[in-house]
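Heads up, the thing below is written out as structure tokens.
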Amino acid sequence: MDYPQLLSPVLNFLHCTTPQAWLDKARDPANLPLLLTDHLVCELKAAQTALLLVRKYVADKQGADALLAWLQPYEDFAFRDGPEPDFAALNRQISKSVMPVTDDPWGQALISSMVLLIKEELHHFWQVREAMEARAIPYVKITASRYGKGMLKEVRTHEPLTLIDKLICSAYIEARSCERFAALAPYLDADLQKFYLSLLRSEARHYQDYLALAQQVSSEDISDRVRYFGEVEAGLILAPDAEFRFHSGVPA
Ligand SMILES: [Fe+2]
Ligand SMILES: [Fe+2]
């Protein structure tokens with residue numbers, strides 16, 4: 001796999017690279033349980049975000065309800081102290097299920113990219129959980145980082161601007177994840193390194209899908225808005241952060 005080629009659009013899109021101080025903290029084996037736990041939750045949140053978009057903006061209720069049912073056992077486990085399901089079995093089930101449909105071309109583009117994204121994020125969730133189990137890391141609930149909230153508070157409050165902004169935010173979260181997986185990989189053990197590099201291809205595609213959907217919704221060029229969120233995102237990554245998480249800023 002050609003990593004530089006996958007990464008170069010991502011690095012172009014982001015306004016800064018991950019600070020070395022974050023990498024130094026992340027490579028400390030003492031922080032691996034926290035890092036993997038937060039990564040696990042991030043995969044589920046990525047699936048939830050995509051699911052919410054489909055539910056909110058695409059009409060077919062039956063299909064949207066089916067998507068909700070996919071996520072339920074993951075959410076029960078991660079957020080409601082529910083039992084640990086058989087993620088391998090869930091994964092097989094999901095990959096065989098049908099996706100919702102709509103007559104609207106933009107809606108269909110949203111469904112196609114988001115359903116694939118949800119499937120991939122849930123697969124990543126299961127892979128991270130396996131990596132945790134292989135290292136005897138139990139799942140313990142942790143607080144979210146300021147990162148997602150920091151971007152979402154800049155989202156405009158009327159449609160279609162809300163949707164456009166949310167799609168751009170998601171594009172940045174995916175791109176940052178991709179950049180961090182690549183930056184962190186050389187510091188990890190061989191198995192984790194292989195796993196993190198295997199995530200690059202899908203996350204690089206996810207950011208481009210979000211960006212394309214944002215431009216499709218907007219009647220105007222979105223470059224200025226993209227640049228604005230790029231600055232907000234880089235601000236969060238470069239500012240001191242008291243809490244260490246997968247998307248945290250410079251360790252304070
Ligand atoms: Fe993912
Ligand atoms: Fe992703």
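Lettering and numbering for the structure tokens are positional, with chains as A, B, ... in the shown order, residues counted from 1 in each chain, and ligands counted from 1 in the shown order.
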
Selection within 9 Å of ligand 1 by only C-alpha atoms and all ligand atoms, output as a compact mmCIF listing (two decimals) with C-alpha atoms, in the first residue's frame:
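Saved file part.txt follows:
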```txt
# COMPACT_ATOMS: atom_id res chain seq x y z
CA HIS A 39 -10.31 5.08 19.88
CA LEU A 40 -12.95 2.38 20.43
CA CYS A 42 -14.57 7.23 18.50
CA GLU A 43 -15.35 4.42 16.05
CA LEU A 44 -18.83 4.05 17.54
CA ALA A 46 -18.41 7.95 13.88
CA ALA A 47 -21.06 5.32 13.15
CA LEU A 117 -19.17 4.13 6.48
CA ILE A 118 -21.32 2.76 9.34
CA GLU A 120 -16.71 0.09 8.28
CA GLU A 121 -16.75 1.97 11.60
CA LEU A 122 -18.50 -0.91 13.33
CA HIS A 123 -15.91 -3.26 11.87
CA HIS A 124 -13.17 -0.98 13.22
CA PHE A 125 -14.92 -0.96 16.61
CA GLU A 174 -12.01 11.64 9.72
CA SER A 177 -7.97 10.35 12.62
CA CYS A 178 -6.25 9.27 9.44
CA LEU A 199 -7.27 1.95 8.83
CA LEU A 200 -5.77 4.69 6.65
CA SER A 202 -11.05 3.84 4.73
CA GLU A 203 -10.59 6.96 6.87
CA HIS A 206 -14.49 8.88 4.64
```

List the neighbours of Gln20 of chain A out to 12 Å using only C-alpha atoms; skip same-chain residues closer than 5 positions along the sequence, and give me the result as a ChimeraX atom specification.
-> /A:25-27,180,183-184,187,237-238,249-251

Please produce a file of the residues just selected, as a PDB file, in the first residue's frame, where the atoms kept are N, CA, C and O atoms.
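Full text of selection-v6.pdb as output:
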```pdb
ATOM      1  N   LYS A  25       3.327  11.523  24.305  1.00  0.00           N
ATOM      2  CA  LYS A  25       2.410  11.042  25.343  1.00  0.00           C
ATOM      3  C   LYS A  25       1.718   9.758  24.879  1.00  0.00           C
ATOM      4  O   LYS A  25       1.553   8.799  25.640  1.00  0.00           O
ATOM      5  N   ALA A  26       1.326   9.734  23.611  1.00  0.00           N
ATOM      6  CA  ALA A  26       0.569   8.596  23.073  1.00  0.00           C
ATOM      7  C   ALA A  26       1.424   7.334  22.968  1.00  0.00           C
ATOM      8  O   ALA A  26       0.910   6.225  23.047  1.00  0.00           O
ATOM      9  N   ARG A  27       2.738   7.493  22.798  1.00  0.00           N
ATOM     10  CA  ARG A  27       3.596   6.318  22.652  1.00  0.00           C
ATOM     11  C   ARG A  27       3.954   5.696  23.999  1.00  0.00           C
ATOM     12  O   ARG A  27       4.484   4.589  24.051  1.00  0.00           O
ATOM     13  N   ARG A 180      -3.480  10.926  12.391  1.00  0.00           N
ATOM     14  CA  ARG A 180      -2.940  10.433  13.672  1.00  0.00           C
ATOM     15  C   ARG A 180      -2.593   8.947  13.612  1.00  0.00           C
ATOM     16  O   ARG A 180      -1.594   8.528  14.187  1.00  0.00           O
ATOM     17  N   ALA A 183       0.710   8.883  11.944  1.00  0.00           N
ATOM     18  CA  ALA A 183       1.797   9.479  12.738  1.00  0.00           C
ATOM     19  C   ALA A 183       2.169   8.590  13.919  1.00  0.00           C
ATOM     20  O   ALA A 183       3.337   8.498  14.308  1.00  0.00           O
ATOM     21  N   LEU A 184       1.172   7.914  14.470  1.00  0.00           N
ATOM     22  CA  LEU A 184       1.383   7.111  15.666  1.00  0.00           C
ATOM     23  C   LEU A 184       1.939   5.722  15.353  1.00  0.00           C
ATOM     24  O   LEU A 184       2.682   5.140  16.155  1.00  0.00           O
ATOM     25  N   TYR A 187       5.379   4.196  16.303  1.00  0.00           N
ATOM     26  CA  TYR A 187       5.708   4.075  17.722  1.00  0.00           C
ATOM     27  C   TYR A 187       5.034   2.878  18.388  1.00  0.00           C
ATOM     28  O   TYR A 187       5.235   2.632  19.571  1.00  0.00           O
ATOM     29  N   ILE A 237      -6.216  21.302  18.039  1.00  0.00           N
ATOM     30  CA  ILE A 237      -5.095  20.359  18.045  1.00  0.00           C
ATOM     31  C   ILE A 237      -3.828  21.020  18.609  1.00  0.00           C
ATOM     32  O   ILE A 237      -3.012  20.365  19.262  1.00  0.00           O
ATOM     33  N   LEU A 238      -3.670  22.318  18.378  1.00  0.00           N
ATOM     34  CA  LEU A 238      -2.424  23.002  18.775  1.00  0.00           C
ATOM     35  C   LEU A 238      -2.503  23.663  20.151  1.00  0.00           C
ATOM     36  O   LEU A 238      -1.483  24.076  20.696  1.00  0.00           O
ATOM     37  N   GLY A 249      -5.516  17.996  22.290  1.00  0.00           N
ATOM     38  CA  GLY A 249      -4.526  18.954  21.869  1.00  0.00           C
ATOM     39  C   GLY A 249      -3.162  18.650  22.486  1.00  0.00           C
ATOM     40  O   GLY A 249      -2.863  17.501  22.832  1.00  0.00           O
ATOM     41  N   VAL A 250      -2.350  19.697  22.622  1.00  0.00           N
ATOM     42  CA  VAL A 250      -1.008  19.526  23.184  1.00  0.00           C
ATOM     43  C   VAL A 250      -1.134  19.218  24.683  1.00  0.00           C
ATOM     44  O   VAL A 250      -1.765  19.979  25.412  1.00  0.00           O
ATOM     45  N   PRO A 251      -0.580  18.082  25.142  1.00  0.00           N
ATOM     46  CA  PRO A 251      -0.714  17.735  26.567  1.00  0.00           C
ATOM     47  C   PRO A 251      -0.247  18.889  27.459  1.00  0.00           C
ATOM     48  O   PRO A 251       0.848  19.411  27.278  1.00  0.00           O
TER      49      PRO A 251
END
```

Quick one: everything within 6 Å of segment 208-218 of chain A, counting only C-alpha atoms, minus sequence neighbours fewer than 6 positions away in the same chain. Send it as a list in words.
-> Ile164, Leu167, Ile168 and Ala171 of chain A

Smallest atom-to-atom distance to Ile142 of chain A: which of A:Ala78, A:Ala69, A:Ala109, A:Leu32, using only C-alpha atoms?
-> A:Ala78

Name all residues at most 9 Å from Ala144 of chain A (count only C-alpha atoms; drop same-chain ones fewer than 2 positions away) and give them as JSON, numbers by chain.
-> {"A": [38, 41, 142, 146, 147, 148, 245]}

Atomic distance atom CA of Val226 of chain A - atom CA of Leu6 of chain A, expressed in Å with one decimal | 20.1 Å

Which residue, A:Tyr228, A:Tyr172, A:Tyr207, A:Tyr139, has the smallest gap to Leu34 of chain A when you use only C-alpha atoms?
->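 Ranking A:Tyr228, A:Tyr172, A:Tyr207, A:Tyr139 by distance to Leu34 of chain A, first place goes to A:Tyr139.
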
Compare A:Ile111, A:Met132, A:Cys16, A:Ile94 by their minimum atom-to-atom distance to Glu233 of chain A, counting only C-alpha atoms, and give me the closest one.
-> A:Cys16

Compare A:Leu53, A:Leu35, A:Leu163, A:Ala21 by their minimum atom-to-atom distance to Phe181 of chain A, counting only C-alpha atoms, and give me the closest one.
-> A:Leu35
